[in-house]
Each structure stands twice: as structure tokens, then as C-alpha cells.
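Dumped model34.txt below, it's compact mmCIF, C-alpha atoms:
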```
# COMPACT_ATOMS: atom_id res chain seq x y z
CA MET G 9 0.00 0.00 0.00
CA VAL G 10 1.18 3.52 -0.75
CA VAL G 11 1.93 5.43 2.47
CA ALA G 12 -0.34 8.46 2.39
CA ASN G 13 1.90 10.90 4.28
CA THR G 14 5.25 10.33 2.58
CA HIS G 15 5.07 13.41 0.33
CA GLY G 16 7.12 15.56 2.70
CA TYR G 17 4.13 17.58 3.84
CA LYS G 18 3.87 18.85 7.39
CA PRO G 19 1.02 21.19 8.35
CA THR G 20 2.00 24.52 9.88
CA LEU G 21 0.83 25.56 13.34
CA LEU G 22 -1.60 28.07 11.79
CA GLU G 23 -3.06 25.42 9.48
CA THR G 24 -3.53 23.07 12.43
CA LEU G 25 -5.18 25.81 14.48
CA CYS G 26 -7.54 26.55 11.57
CA ARG G 27 -8.62 22.92 11.42
CA TRP G 28 -9.22 22.84 15.18
CA GLY G 29 -11.17 26.09 14.91
CA TYR G 30 -13.30 24.52 12.19
CA SER G 31 -13.82 21.47 14.45
CA LEU G 32 -14.88 23.70 17.34
CA VAL G 33 -17.48 25.50 15.23
CA LEU G 34 -18.79 22.16 13.97
CA ALA G 35 -18.96 20.77 17.52
CA ILE G 36 -21.06 23.76 18.60
CA ALA G 37 -23.45 23.19 15.68
CA ILE G 38 -23.79 19.42 16.14
CA PRO G 39 -26.27 19.51 19.09
CA PHE G 40 -28.72 21.41 16.89
CA ALA G 41 -28.23 18.85 14.10
CA PHE G 42 -28.76 16.06 16.61
CA ILE G 43 -32.05 17.62 17.76
CA HIS G 44 -33.11 17.70 14.11
CA LEU G 45 -32.29 13.99 13.80
CA LEU G 46 -34.33 13.22 16.92
CA ILE G 47 -37.33 15.06 15.51
CA LYS G 48 -36.84 13.32 12.17
CA ALA G 49 -36.61 9.91 13.86
CA SER G 50 -39.85 10.51 15.76
CA LYS G 51 -41.68 11.13 12.50
CA THR G 52 -40.10 8.60 10.17
CA SER G 53 -38.63 5.12 10.03
CA ASP G 54 -36.10 3.13 12.01
CA ASN G 55 -33.58 4.20 9.35
CA SER G 56 -33.54 7.70 10.85
CA ARG G 57 -32.99 6.26 14.34
CA ARG G 58 -30.02 4.31 13.03
CA GLU G 59 -28.69 7.42 11.30
CA ARG G 60 -28.31 9.42 14.51
CA PHE G 61 -25.89 6.85 15.95
CA GLU G 62 -23.92 6.54 12.70
CA ARG G 63 -23.40 10.31 12.59
CA PHE G 64 -21.29 9.95 15.76
CA GLY G 65 -19.09 7.20 14.35
CA PHE G 66 -20.97 4.24 15.83
CA VAL G 67 -21.27 2.49 12.50
CA PRO G 68 -21.83 -1.22 11.92
CA LYS G 69 -18.67 -3.24 11.41
CA PRO G 70 -18.28 -4.72 7.92
CA PRO G 71 -17.99 -8.49 7.40
CA LYS G 72 -14.36 -7.95 6.32
CA GLN G 73 -11.75 -5.23 6.68
CA ASN G 74 -8.95 -3.90 4.43
CA GLY G 75 -11.39 -3.00 1.66
CA TYR G 76 -12.48 0.17 -0.13
CA LEU G 77 -14.57 2.96 1.39
CA PHE G 78 -16.47 5.12 -1.12
CA HIS G 79 -18.05 8.34 0.09
CA CYS G 80 -20.93 9.65 -2.05
CA VAL G 81 -22.90 12.72 -1.04
CA SER G 82 -26.21 11.84 -2.68
CA VAL G 83 -27.85 10.21 -5.69
CA GLY G 84 -25.64 11.64 -8.44
CA GLU G 85 -22.42 10.61 -6.73
CA VAL G 86 -23.77 7.14 -5.95
CA VAL G 87 -24.63 6.64 -9.62
CA ALA G 88 -21.20 7.89 -10.72
CA ALA G 89 -19.36 5.64 -8.26
CA SER G 90 -21.50 2.60 -9.02
CA CYS G 91 -19.68 1.65 -12.21
CA VAL G 92 -16.29 1.92 -10.45
CA ILE G 93 -17.54 -0.18 -7.56
CA LYS G 94 -19.01 -2.83 -9.86
CA ARG G 95 -15.72 -3.11 -11.79
CA ILE G 96 -13.73 -3.48 -8.54
CA MET G 97 -16.18 -6.14 -7.38
CA GLN G 98 -15.54 -8.02 -10.63
CA HIS G 99 -11.74 -7.81 -10.40
CA GLU G 100 -11.49 -8.18 -6.61
CA PRO G 101 -14.49 -10.30 -5.58
CA ASP G 102 -13.13 -10.77 -2.06
CA ALA G 103 -12.62 -7.05 -1.40
CA GLN G 104 -15.00 -5.45 1.07
CA ILE G 105 -16.82 -2.43 -0.37
CA THR G 106 -18.24 0.17 2.02
CA VAL G 107 -20.34 3.09 0.77
CA THR G 108 -21.20 6.12 2.88
CA THR G 109 -23.71 8.82 1.98
CA THR G 110 -24.83 12.14 3.42
CA THR G 111 -28.49 12.16 2.33
CA SER G 112 -31.38 9.76 2.71
CA THR G 113 -31.95 9.79 -1.06
CA GLY G 114 -28.34 8.73 -1.59
CA SER G 115 -28.80 5.97 0.96
CA ALA G 116 -31.91 4.73 -0.84
CA ARG G 117 -30.05 4.65 -4.16
CA VAL G 118 -27.21 2.58 -2.64
CA ARG G 119 -29.75 0.00 -1.48
CA ASP G 120 -31.53 0.10 -4.83
CA ILE G 121 -28.34 -0.51 -6.85
CA PHE G 122 -26.40 -2.88 -4.60
CA LYS G 123 -28.96 -4.44 -2.24
CA ASP G 124 -26.81 -6.22 0.40
CA ALA G 125 -23.69 -6.53 -1.77
CA VAL G 126 -22.00 -3.54 -0.11
CA HIS G 127 -21.67 -2.30 3.46
CA HIS G 128 -23.48 1.01 3.89
CA PHE G 129 -24.02 3.73 6.50
CA TYR G 130 -24.24 7.52 6.86
CA LEU G 131 -20.94 9.40 7.03
CA PRO G 132 -20.29 10.64 10.59
CA TYR G 133 -20.00 14.29 11.51
CA ASP G 134 -16.57 15.59 10.54
CA LEU G 135 -14.94 15.63 13.98
CA PRO G 136 -11.56 14.00 14.70
CA LEU G 137 -13.07 11.59 17.25
CA THR G 138 -16.08 10.50 15.19
CA MET G 139 -13.97 9.94 12.08
CA SER G 140 -11.37 8.03 14.12
CA VAL G 141 -14.05 5.77 15.60
CA MET G 142 -15.51 5.11 12.17
CA LEU G 143 -12.18 4.31 10.53
CA LYS G 144 -11.16 2.07 13.44
CA ARG G 145 -14.31 -0.01 12.84
CA ILE G 146 -14.03 -0.13 9.04
CA ARG G 147 -10.21 -0.24 8.61
CA PRO G 148 -10.25 0.48 4.85
CA LYS G 149 -7.14 0.21 2.72
CA ALA G 150 -8.26 3.25 0.71
CA VAL G 151 -10.93 5.96 0.77
CA MET G 152 -12.53 7.25 -2.44
CA ILE G 153 -14.41 10.55 -2.34
CA THR G 154 -16.74 10.87 -5.31
CA GLU G 155 -16.95 14.25 -7.07
CA VAL G 156 -17.18 16.72 -4.16
CA GLU G 157 -17.50 17.14 -0.38
CA LEU G 158 -13.98 17.22 1.02
CA TRP G 159 -14.01 16.95 4.83
CA PRO G 160 -10.90 18.29 6.64
CA ASN G 161 -10.96 15.87 9.58
CA LEU G 162 -11.83 12.79 7.52
CA ILE G 163 -8.85 13.48 5.25
CA ASP G 164 -6.57 14.35 8.18
CA VAL G 165 -7.41 11.18 10.15
CA CYS G 166 -6.84 9.04 7.04
CA TRP G 167 -3.53 10.80 6.40
CA ARG G 168 -2.37 10.14 9.95
CA ARG G 169 -3.35 6.47 9.62
CA ASN G 170 -1.54 6.12 6.26
CA ILE G 171 -4.81 5.45 4.40
CA PRO G 172 -4.69 6.80 0.82
CA VAL G 173 -7.52 9.20 -0.02
CA MET G 174 -8.47 9.80 -3.65
CA VAL G 175 -11.07 12.07 -5.21
CA ILE G 176 -12.60 10.30 -8.21
CA ASN G 177 -14.68 11.98 -10.91
CA ALA G 178 -13.56 15.15 -9.12
CA ARG G 179 -15.59 18.27 -9.74
CA MET G 180 -14.42 21.79 -8.92
CA THR G 181 -16.47 24.69 -10.28
CA ASP G 182 -14.93 28.12 -10.75
CA ARG G 183 -17.16 29.46 -7.99
CA SER G 184 -16.09 26.73 -5.55
CA ALA G 185 -12.40 27.19 -6.39
CA LYS G 186 -12.61 30.92 -5.57
CA ARG G 187 -14.31 30.17 -2.25
CA TYR G 188 -11.73 27.55 -1.30
CA LYS G 189 -8.91 29.94 -2.24
CA LYS G 190 -10.21 32.36 0.40
CA ILE G 191 -9.93 29.72 3.15
CA GLY G 192 -6.55 28.39 2.04
CA LYS G 193 -5.25 27.76 5.57
CA LEU G 194 -8.05 25.21 6.03
CA PHE G 195 -8.39 23.91 2.48
CA ASN G 196 -4.77 23.66 1.29
CA PRO G 197 -3.78 21.05 3.92
CA MET G 198 -6.58 18.81 2.65
CA LEU G 199 -5.19 18.93 -0.87
CA ALA G 200 -1.67 18.20 0.38
CA LYS G 201 -2.93 15.12 2.23
CA LEU G 202 -4.77 13.66 -0.79
CA SER G 203 -3.08 10.81 -2.64
CA HIS G 204 -4.62 11.61 -6.03
CA VAL G 205 -7.32 13.61 -7.77
CA CYS G 206 -9.04 12.23 -10.89
CA ALA G 207 -10.61 15.27 -12.57
CA GLN G 208 -13.80 14.81 -14.58
CA GLY G 209 -13.07 17.70 -16.99
CA GLN G 210 -10.50 20.25 -18.06
CA ARG G 211 -12.15 22.97 -15.95
CA ASP G 212 -11.92 20.78 -12.87
CA PHE G 213 -8.31 19.78 -13.64
CA ASP G 214 -7.30 23.43 -14.07
CA ASN G 215 -9.04 24.53 -10.87
CA TYR G 216 -7.41 21.83 -8.75
CA ALA G 217 -4.04 22.77 -10.26
CA TRP G 218 -4.73 26.46 -9.52
CA LEU G 219 -5.53 25.53 -5.91
CA GLY G 220 -2.15 23.86 -5.59
CA VAL G 221 -2.49 20.14 -6.31
CA ALA G 222 0.82 18.84 -7.65
CA GLN G 223 0.81 17.64 -11.26
CA ALA G 224 1.99 14.19 -10.12
CA LYS G 225 -1.18 13.84 -8.02
CA LEU G 226 -3.62 15.09 -10.67
CA THR G 227 -5.04 13.19 -13.66
CA LEU G 228 -7.61 14.26 -16.25
CA THR G 229 -9.63 11.07 -16.52
CA ASN G 230 -12.80 12.72 -17.92
CA ASN G 231 -16.27 12.01 -16.59
CA ILE G 232 -17.18 8.52 -15.40
CA LYS G 233 -20.81 9.35 -16.13
CA PHE G 234 -20.09 8.98 -19.86
CA ASP G 235 -19.23 5.33 -19.27
CA GLN G 236 -22.01 4.82 -16.74
CA ALA G 237 -24.68 6.25 -19.04
CA ALA G 238 -23.32 4.52 -22.16
CA THR G 239 -23.78 1.13 -20.52
CA THR G 240 -27.30 1.90 -19.27
CA ILE G 241 -29.64 -0.99 -19.97
CA SER G 242 -33.14 0.16 -20.83
CA PRO G 243 -35.76 -1.04 -18.37
CA SER G 244 -38.44 -3.21 -19.87
CA GLU G 245 -40.91 -1.45 -22.15
CA GLY G 246 -44.32 -0.64 -20.78
CA PHE G 247 -43.47 1.33 -17.64
CA LEU G 248 -46.86 2.20 -16.09
CA GLY G 249 -48.44 0.80 -19.23
CA LEU G 250 -46.76 3.47 -21.36
CA VAL G 251 -45.18 2.34 -24.61
CA LYS G 252 -42.43 4.39 -26.25
CA GLY G 253 -43.62 6.11 -29.41
CA GLU G 254 -47.30 5.45 -28.83
CA ARG G 255 -47.91 9.05 -27.71
CA PRO G 256 -45.50 11.98 -27.29
CA LEU G 257 -44.18 12.02 -23.73
CA LEU G 258 -42.14 14.75 -22.03
CA VAL G 259 -40.21 13.71 -18.92
CA ALA G 260 -39.17 16.51 -16.55
CA GLY G 261 -36.50 14.78 -14.49
CA SER G 262 -34.89 15.78 -11.17
CA THR G 263 -36.91 18.98 -10.86
CA HIS G 264 -36.68 21.67 -8.18
CA GLU G 265 -38.97 24.56 -7.35
CA PRO G 266 -40.04 26.50 -9.48
CA GLU G 267 -39.36 24.13 -12.38
CA GLU G 268 -42.60 22.17 -11.94
CA SER G 269 -44.59 25.41 -12.36
CA VAL G 270 -42.60 26.25 -15.50
CA ILE G 271 -43.24 22.78 -16.95
CA ILE G 272 -46.96 23.05 -16.16
CA GLU G 273 -47.21 26.45 -17.86
CA ALA G 274 -45.40 25.17 -20.96
CA THR G 275 -47.45 21.98 -21.10
CA GLN G 276 -50.77 23.82 -20.81
CA ALA G 277 -49.76 25.91 -23.83
CA LEU G 278 -48.70 22.79 -25.75
CA TRP G 279 -52.01 21.04 -25.06
CA LYS G 280 -53.86 23.69 -27.09
CA LYS G 281 -52.34 22.16 -30.23
CA ASN G 282 -51.31 18.72 -28.94
CA ALA G 283 -54.00 17.36 -26.63
CA TYR G 284 -52.41 13.90 -26.78
CA LEU G 285 -49.08 15.02 -25.20
CA ARG G 286 -48.25 13.46 -21.84
CA VAL G 287 -45.84 14.68 -19.18
CA ILE G 288 -44.10 12.88 -16.32
CA ILE G 289 -42.80 15.12 -13.52
CA VAL G 290 -40.02 13.64 -11.37
CA PRO G 291 -39.09 15.83 -8.36
CA ARG G 292 -35.46 15.50 -7.31
CA HIS G 293 -36.22 15.07 -3.60
CA PRO G 294 -38.94 12.79 -2.16
CA GLU G 295 -39.89 15.32 0.51
CA ARG G 296 -41.32 17.49 -2.32
CA PHE G 297 -43.65 14.82 -3.73
CA ASP G 298 -46.60 16.12 -1.70
CA SER G 299 -45.97 19.78 -2.48
CA VAL G 300 -45.79 19.04 -6.22
CA ALA G 301 -49.04 17.06 -5.95
CA LYS G 302 -50.69 20.09 -4.32
CA LEU G 303 -49.30 22.29 -7.10
CA LEU G 304 -50.95 20.05 -9.73
CA GLU G 305 -54.22 20.17 -7.79
CA LYS G 306 -53.98 23.96 -7.60
CA HIS G 307 -53.84 24.06 -11.41
CA ASN G 308 -56.89 21.73 -11.59
CA LEU G 309 -54.90 19.12 -13.47
CA THR G 310 -55.98 15.50 -13.52
CA PHE G 311 -52.96 13.39 -12.63
CA VAL G 312 -51.91 10.06 -11.15
CA LYS G 313 -49.11 9.14 -8.82
CA SER G 314 -46.87 6.36 -10.10
CA SER G 315 -46.89 4.69 -6.70
CA GLU G 316 -50.67 4.26 -6.87
CA VAL G 317 -51.21 2.83 -10.37
CA ASN G 318 -49.90 0.04 -12.56
CA ASN G 319 -51.27 1.55 -15.75
CA VAL G 320 -51.95 5.18 -16.58
CA PRO G 321 -55.58 5.72 -17.66
CA GLU G 322 -56.02 6.81 -21.27
CA ASP G 323 -57.59 10.14 -20.29
CA VAL G 324 -54.77 11.15 -17.93
CA ASN G 325 -51.93 13.24 -19.36
CA VAL G 326 -49.94 14.04 -16.21
CA ILE G 327 -48.00 11.55 -14.10
CA LEU G 328 -46.24 12.44 -10.86
CA LEU G 329 -43.39 9.97 -10.42
CA ASP G 330 -43.28 9.75 -6.62
CA GLU G 331 -40.87 6.80 -6.34
CA MET G 332 -37.10 6.85 -6.03
CA GLY G 333 -34.93 5.04 -8.58
CA LYS G 334 -37.51 5.09 -11.38
CA LEU G 335 -36.29 8.06 -13.44
CA ASN G 336 -34.57 5.87 -16.04
CA HIS G 337 -37.78 3.85 -16.40
CA ALA G 338 -39.48 7.11 -17.39
CA TYR G 339 -36.70 8.08 -19.81
CA ALA G 340 -36.99 4.65 -21.44
CA VAL G 341 -40.55 5.41 -22.64
CA ALA G 342 -40.06 9.17 -23.21
CA THR G 343 -39.97 11.24 -26.39
CA PHE G 344 -38.35 14.39 -24.97
CA ALA G 345 -36.57 15.27 -21.74
CA PHE G 346 -36.08 18.28 -19.51
CA VAL G 347 -33.28 17.94 -16.93
CA GLY G 348 -33.91 19.88 -13.72
CA GLY G 349 -31.75 21.93 -11.41
CA SER G 350 -31.04 24.12 -14.42
CA ILE G 351 -33.84 26.70 -14.43
CA ALA G 352 -33.61 26.55 -10.65
CA ASP G 353 -30.06 27.66 -9.87
CA ARG G 354 -28.70 24.26 -8.79
CA GLY G 355 -26.09 23.79 -11.52
CA GLY G 356 -28.04 21.23 -13.53
CA HIS G 357 -28.34 17.50 -13.03
CA ASN G 358 -27.14 14.64 -15.24
CA ALA G 359 -28.01 15.21 -18.90
CA LEU G 360 -26.32 11.97 -19.90
CA GLU G 361 -29.14 9.87 -18.46
CA PRO G 362 -31.67 10.96 -21.13
CA ALA G 363 -28.90 11.00 -23.76
CA ALA G 364 -28.41 7.28 -23.10
CA TYR G 365 -31.98 6.76 -24.34
CA SER G 366 -31.42 8.87 -27.47
CA LEU G 367 -33.71 11.66 -26.26
CA PRO G 368 -33.54 15.31 -27.33
CA ILE G 369 -32.78 17.26 -24.15
CA MET G 370 -33.72 20.63 -22.68
CA MET G 371 -32.02 22.36 -19.76
CA GLY G 372 -32.16 25.82 -18.24
CA PRO G 373 -29.20 28.23 -18.27
CA HIS G 374 -27.68 27.02 -14.97
CA ILE G 375 -25.50 24.12 -16.11
CA TYR G 376 -22.26 24.83 -14.25
CA ASN G 377 -22.12 21.45 -12.47
CA ASN G 378 -21.25 19.60 -15.68
CA PRO G 379 -20.13 22.25 -18.20
CA VAL G 380 -18.04 19.92 -20.36
CA ILE G 381 -20.86 17.42 -20.75
CA CYS G 382 -23.37 20.16 -21.54
CA ASP G 383 -21.01 21.87 -23.99
CA TYR G 384 -20.54 18.60 -25.89
CA LEU G 385 -24.28 18.02 -26.00
CA LYS G 386 -24.99 21.62 -27.11
CA GLU G 387 -22.33 21.57 -29.83
CA CYS G 388 -23.77 18.45 -31.45
CA GLY G 389 -27.36 19.69 -31.22
CA ALA G 390 -28.52 17.23 -28.56
CA LEU G 391 -29.15 19.88 -25.87
CA SER G 392 -31.34 22.97 -26.15
CA ILE G 393 -31.11 25.72 -23.52
CA VAL G 394 -34.54 26.93 -22.39
CA GLU G 395 -34.85 29.87 -20.00
CA ASP G 396 -38.58 29.77 -19.32
CA ALA G 397 -41.94 28.22 -20.18
CA SER G 398 -42.20 30.00 -23.55
CA ARG G 399 -38.87 28.53 -24.70
CA ILE G 400 -39.88 25.06 -23.55
CA PHE G 401 -43.13 25.49 -25.48
CA SER G 402 -41.42 26.59 -28.70
CA THR G 403 -38.74 23.89 -28.48
CA VAL G 404 -41.14 21.00 -27.88
CA GLN G 405 -43.60 22.35 -30.46
CA ASP G 406 -40.80 22.40 -33.04
CA TRP G 407 -39.93 18.78 -32.21
CA LEU G 408 -43.58 17.76 -32.44
CA GLU G 409 -43.96 19.41 -35.83
CA SER G 410 -40.61 18.07 -37.11
CA PRO G 411 -40.01 14.62 -35.54
CA SER G 412 -36.86 14.20 -37.63
CA LYS G 413 -35.23 17.09 -35.72
CA ALA G 414 -35.96 15.39 -32.42
CA GLU G 415 -34.64 12.07 -33.66
CA GLN G 416 -31.45 13.70 -34.99
CA ALA G 417 -30.86 15.44 -31.65
CA GLY G 418 -31.40 12.18 -29.77
CA ARG G 419 -28.96 10.27 -31.98
CA ALA G 420 -26.35 13.02 -31.53
CA GLY G 421 -26.57 12.76 -27.74
CA LYS G 422 -26.13 9.00 -27.84
CA LYS G 423 -23.06 9.43 -30.05
CA VAL G 424 -21.51 11.83 -27.50
CA LEU G 425 -21.66 9.04 -24.95
CA GLN G 426 -20.04 6.54 -27.24
CA ASP G 427 -17.29 8.95 -28.35
CA ASN G 428 -16.30 9.98 -24.80
CA SER G 429 -16.10 6.66 -22.99
CA GLY G 430 -12.89 5.56 -21.28
CA ALA G 431 -12.98 7.50 -18.00
CA LEU G 432 -13.74 4.34 -16.05
CA ASP G 433 -10.58 2.57 -17.20
CA SER G 434 -8.47 5.68 -16.54
CA THR G 435 -9.90 6.03 -13.03
CA LEU G 436 -9.30 2.38 -12.20
CA ALA G 437 -5.70 2.69 -13.40
CA CYS G 438 -5.18 5.61 -10.98
CA ILE G 439 -6.72 3.60 -8.14
CA HIS G 440 -4.44 0.65 -8.80
CA ARG G 441 -1.37 2.93 -8.79
CA CYS G 442 -2.33 4.49 -5.46
CA VAL G 443 -3.51 1.29 -3.75
CA ARG G 444 -1.09 -1.53 -4.23
```
Here is the file; what I need is its structure written in the form of C-alpha cells.
Amino acid sequence: MVVANTHGYKPTLLETLCRWGYSLVLAIAIPFAFIHLLIKASKTSDNSRRERFERFGFVPKPPKQNGYLFHCVSVGEVVAASCVIKRIMQHEPDAQITVTTTTSTGSARVRDIFKDAVHHFYLPYDLPLTMSVMLKRIRPKAVMITEVELWPNLIDVCWRRNIPVMVINARMTDRSAKRYKKIGKLFNPMLAKLSHVCAQGQRDFDNYAWLGVAQAKLTLTNNIKFDQAATTISPSEGFLGLVKGERPLLVAGSTHEPEESVIIEATQALWKKNAYLRVIIVPRHPERFDSVAKLLEKHNLTFVKSSEVNNVPEDVNVILLDEMGKLNHAYAVATFAFVGGSIADRGGHNALEPAAYSLPIMMGPHIYNNPVICDYLKECGALSIVEDASRIFSTVQDWLESPSKAEQAGRAGKKVLQDNSGALDSTLACIHRCVR
């Protein structure tokens, strides 16, 4: 195994004091977070009760030690890491895989993808003691952080225990890089303690280099999501009784407020000429399912919830997908796609998922989370930028009137996936160099 702290780095007294100051602020905030967990546990399932213990490092021991620990913030990171994890499981079937998440939706996706094949729990609060307790119980041979969320004490405790820490599919927006530059005394030591950074794009590579990561510890692997999406297997036809191509179907995936309102406004305008058009709305977070249902009721729209029907009635044109892990089932029967978090200023979610199903794609102007992916899709005509309901209306109406344009855009997006694969192999090569 590579020794994680053999790069000649030694934190200064000021850097150490900054980390302890950060820890003190976090320790003061934790009681309030714990109260929130108690309230959450009283209203929800046993999973929330388990979570409050895991947040303090009291995590379940894995069946085996000396394996890999993958930290994924939420759904997107779990999906990105899944293809890496599956490949490691193929090549090292005896290796223990542990996956930690920060959100309940990420936790649900881990269970959906891997069932009981991996060890899973919530990442503890980032205090030296809680991270030490967690690592003592897991004893991983390497820690992989997926995309974002670098925790100073997690990285420091790993560094002190000679556990290599890598950031895979690493994302670093310009805005984040500027913020981190301002807190260099806290952030720079984390970068020095990392074993390697696998950047998902040139922007991310350049920003990590600008922040001080040595060239020897930085690799431009490109985005794993190209490989993950390219190998997507379409779910069986007939999701909710819907058959692809039977009627035009717009899927609004991973939406945030106010995107559902925008989609409703655009769809109501489209129905004046295309009464047969259907729309599936898929909120990003399950806690918004009820609020989106109330929004549909407020607009006097007849709709069904996917969790309550097996087949959508013929006279219903609106479906609220209120189940986690079913977005790709919707894309499999769709005609067009809107990817959320892009009119809402969230940076835009994964446009490669609909591209894998050869769908023409719409996104709002806020696409800074995955600029390289979106630039590729825009350049080839697969992605249209829509700022508001009127642009969604005109774009979809154009596709309805000229189906060949929609088909051409869908084929172009699929080709982007095929032409940009290879990040998975590059990432695995970096892992093997750092963990041997």
C-alpha cells in the first residue's frame, strides 16, 4: 500500500489551528443537528434512528476489513461511483466495499443498486473523534471521495493512519475554487494530504491545479458518467403501461422549485395544439412529492401518482413519479426530456441519463455542475437551452412538428456518450497505482 503521508508535507501551526477552529465551530453546531435527527426519527422510520448513531461514528462493522470505502454525497455521486464499484467487485471479488452517503436519497439509491452486496451507513460528523471511531471499525485500505465534499478531519485522520484518499470523478467549479482559495489555511492542507485527484473535466483539472495540487497527483480522466450512461440498460418497455412512441411524452427529471410550475405552464400551452401530449414530472427530492401534488391540484390538473397505479388511464396526461430510482424507467418510454436543477439555480443534473436513451434534451441556463458534458451536447445539437416556459413550449412544439429534428438530436446525444467513454478505465488505473 502507498503510504499516504510520505510526500514531505507537514502542516504549519496556523493550518492546524484553523482545522481545530473549524472542528470547534462544527462541535457547537452538532447539538442542533442532533435535535433535528431526533425530531426526524420521531416522524419517520427506524432508518432515521439508526442514522443518529452513525453520525457519531458508531457504525456497523463490515464483514471484512482492508477493503475500499467510497463516500458519495447523494444520488448523483452514488450513480457515478457505481460503475467503479461494480468493476472493482468483478476484479477483486473478495474485497470489502463500504459506501457512505450524506443524504437519505443517496442511501436509498445505494440499497436500490447494490442491495446487500456492499456495506453502507451515513458518514459521521466531521470531527476527529467521530472519524477516528468510524475508521477504526471499518479499517479500509483506501478511501474514495466521489466528485465533491472534502471533509478536513476525515482526510486528516486518514492521512495520519496512512490510508490513501483519492477524489474520483472530481468536480471543482470556478465558484467553488474561488471560495476555497479564500480559506486556504483550512483547504490547502486537505489537498496536500490527498493521494490523487481524478478530474472529470479540463475545468476541474485546471481549478485543482490552480488551488495547488501537484501535477503528479492530478489526472484528467474525464467524466465517469459517460461510461455509466453509455452502458445503461433500458428497463423493460411498458413502464406504467406506457409504450415508447405510442404518444408523445415529455419527462421533466430531477426537478426543483419553481421548475414544476414552468413545466406546467409550458405543457398547458402545448395542449392547445397537442392534446395527446403526456408529461411525467419527477421531483429531485422525495420530501417534495406532496408539495408538487398540491401544485398540480392547484392548477386543476388531472394526474396520477406512479406509486398508486400500474397503468396510466387513457384520459390522464400528467403523471407524478413519486418513487425513487424510477427516473430511467421514465426516460426509457419518453420522447423528450427536460433535466432539472437548471432553471432553478442548482447547476443542472445529469443530462447523460436521457442521452443514453437517445432523447432530445432541454435544460435551463444554470448548467455549471457539468459544463463539459453540456457543452458537448450543445455543440452536437442534442441539448437545447430553455430559460422559461415559452422557450420550452417553442422547443417542444418544433420537435412535435418536425419529428426528424428530435430524432437527430437524440442520436447526436447518444453518439456523444459513445465517443467519450474511457474515464472508467483511466480512473481504475489511478486507483491501482495508489492502492497496491
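CA of Val81 (chain G) to CA of Val156 (chain G) spans 7.6 Å [interatomic distance, one decimal].
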Quick one: of G:Ser315, G:Asn177, G:Ser398, G:Thr343, who's nearest to Glu273 (chain G), counting only C-alpha atoms?
-> G:Ser398
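Take CA of Ala352 (chain G) and CA of His264 (chain G): the distance between them is 6.3 Å.
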CA of Val141 (chain G) to CA of Trp159 (chain G), straight-line distance in Å | 15.5 Å
Which is closest to Ile289 (chain G) among G:Leu202, G:Met371, G:Ala338, G:Ala224, if we use only C-alpha atoms?
-> G:Ala338
Tell me, as an NGL selection string, which residues lie within 12 Å of Glu254 (chain G), counting only C-alpha atoms; anything in the same chain fewer than 6 positions away does not count.
-> :G and (245-246 or 284-286 or 322 or 341-343)
Could you pull the residues within 9 Å of Ile381 (chain G), counting only C-alpha atoms, minus those fewer than 6 positions along the same chain, as a list of chain:residue names?
-> G:Gly209, G:Asn231, G:Phe234, G:Asn358, G:Ala359, G:Leu360, G:Val424
At most 8 Å is the cut-off: for each residue in region 241-337 of chain G with any atom that close to an atom of region 389-397 of chain G, write down the nearest atom pair and the distance in Å rounded to one decimal, counting all atoms listed in the file, chain first then increasing number, as a Markdown table.
```
| residue | atom | partner | partner_atom | distance |
| --- | --- | --- | --- | --- |
| G:Val270 | CA | G:Ala397 | CA | 5.1 |
| G:Ile271 | CA | G:Ala397 | CA | 6.5 |
| G:Glu273 | CA | G:Ala397 | CA | 6.0 |
| G:Ala274 | CA | G:Ala397 | CA | 4.7 |
```
Neighbours of Gly355 (chain G) within 8 Å (all atoms listed in the file; same-chain residues fewer than 6 positions away dropped), as a list of chain:residue names?
-> G:Gly349, G:His374, G:Ile375, G:Tyr376, G:Asn377, G:Asn378
Non-local contacts of region 113-116 of chain G (10 Å; all atoms listed in the file; under 2 positions in same chain excluded) as a ChimeraX atom specification | /G:55,80-87,107-111,118-121,123,128-130,292-295,332-333
Those selected residues, please, written with C-alpha atoms and delivered as a PDB file, in the coordinates of the input.
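Contents of result_20.pdb, as written:
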```pdb
ATOM      1  CA  ASN G  55     -33.580   4.200   9.350  1.00  0.00           C
ATOM      2  CA  CYS G  80     -20.930   9.650  -2.050  1.00  0.00           C
ATOM      3  CA  VAL G  81     -22.900  12.720  -1.040  1.00  0.00           C
ATOM      4  CA  SER G  82     -26.210  11.840  -2.680  1.00  0.00           C
ATOM      5  CA  VAL G  83     -27.850  10.210  -5.690  1.00  0.00           C
ATOM      6  CA  GLY G  84     -25.640  11.640  -8.440  1.00  0.00           C
ATOM      7  CA  GLU G  85     -22.420  10.610  -6.730  1.00  0.00           C
ATOM      8  CA  VAL G  86     -23.770   7.140  -5.950  1.00  0.00           C
ATOM      9  CA  VAL G  87     -24.630   6.640  -9.620  1.00  0.00           C
ATOM     10  CA  VAL G 107     -20.340   3.090   0.770  1.00  0.00           C
ATOM     11  CA  THR G 108     -21.200   6.120   2.880  1.00  0.00           C
ATOM     12  CA  THR G 109     -23.710   8.820   1.980  1.00  0.00           C
ATOM     13  CA  THR G 110     -24.830  12.140   3.420  1.00  0.00           C
ATOM     14  CA  THR G 111     -28.490  12.160   2.330  1.00  0.00           C
ATOM     15  CA  VAL G 118     -27.210   2.580  -2.640  1.00  0.00           C
ATOM     16  CA  ARG G 119     -29.750   0.000  -1.480  1.00  0.00           C
ATOM     17  CA  ASP G 120     -31.530   0.100  -4.830  1.00  0.00           C
ATOM     18  CA  ILE G 121     -28.340  -0.510  -6.850  1.00  0.00           C
ATOM     19  CA  LYS G 123     -28.960  -4.440  -2.240  1.00  0.00           C
ATOM     20  CA  HIS G 128     -23.480   1.010   3.890  1.00  0.00           C
ATOM     21  CA  PHE G 129     -24.020   3.730   6.500  1.00  0.00           C
ATOM     22  CA  TYR G 130     -24.240   7.520   6.860  1.00  0.00           C
ATOM     23  CA  ARG G 292     -35.460  15.500  -7.310  1.00  0.00           C
ATOM     24  CA  HIS G 293     -36.220  15.070  -3.600  1.00  0.00           C
ATOM     25  CA  PRO G 294     -38.940  12.790  -2.160  1.00  0.00           C
ATOM     26  CA  GLU G 295     -39.890  15.320   0.510  1.00  0.00           C
ATOM     27  CA  MET G 332     -37.100   6.850  -6.030  1.00  0.00           C
ATOM     28  CA  GLY G 333     -34.930   5.040  -8.580  1.00  0.00           C
TER      29      GLY G 333
END
```
Would you mind listing what lies within 10 Å of Phe64 (chain G) as a list in words, with all atoms listed in the file counted and same-chain residues fewer than 5 positions away left out?
-> Ile38, Phe42, Glu59, Tyr130, Leu131, Pro132, Tyr133, Asp134, Leu135, Leu137, Thr138, Met139, Val141 and Met142 of chain G
Written selection (C-alpha atoms) as a tab-separated table (two decimals), keeping the file's coordinate frame:
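Once written, again_27.tsv looks like this:
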```
chain	number	residue	atom	x	y	z
G	38	ILE	CA	-23.79	19.42	16.14
G	42	PHE	CA	-28.76	16.06	16.61
G	59	GLU	CA	-28.69	7.42	11.30
G	130	TYR	CA	-24.24	7.52	6.86
G	131	LEU	CA	-20.94	9.40	7.03
G	132	PRO	CA	-20.29	10.64	10.59
G	133	TYR	CA	-20.00	14.29	11.51
G	134	ASP	CA	-16.57	15.59	10.54
G	135	LEU	CA	-14.94	15.63	13.98
G	137	LEU	CA	-13.07	11.59	17.25
G	138	THR	CA	-16.08	10.50	15.19
G	139	MET	CA	-13.97	9.94	12.08
G	141	VAL	CA	-14.05	5.77	15.60
G	142	MET	CA	-15.51	5.11	12.17
```
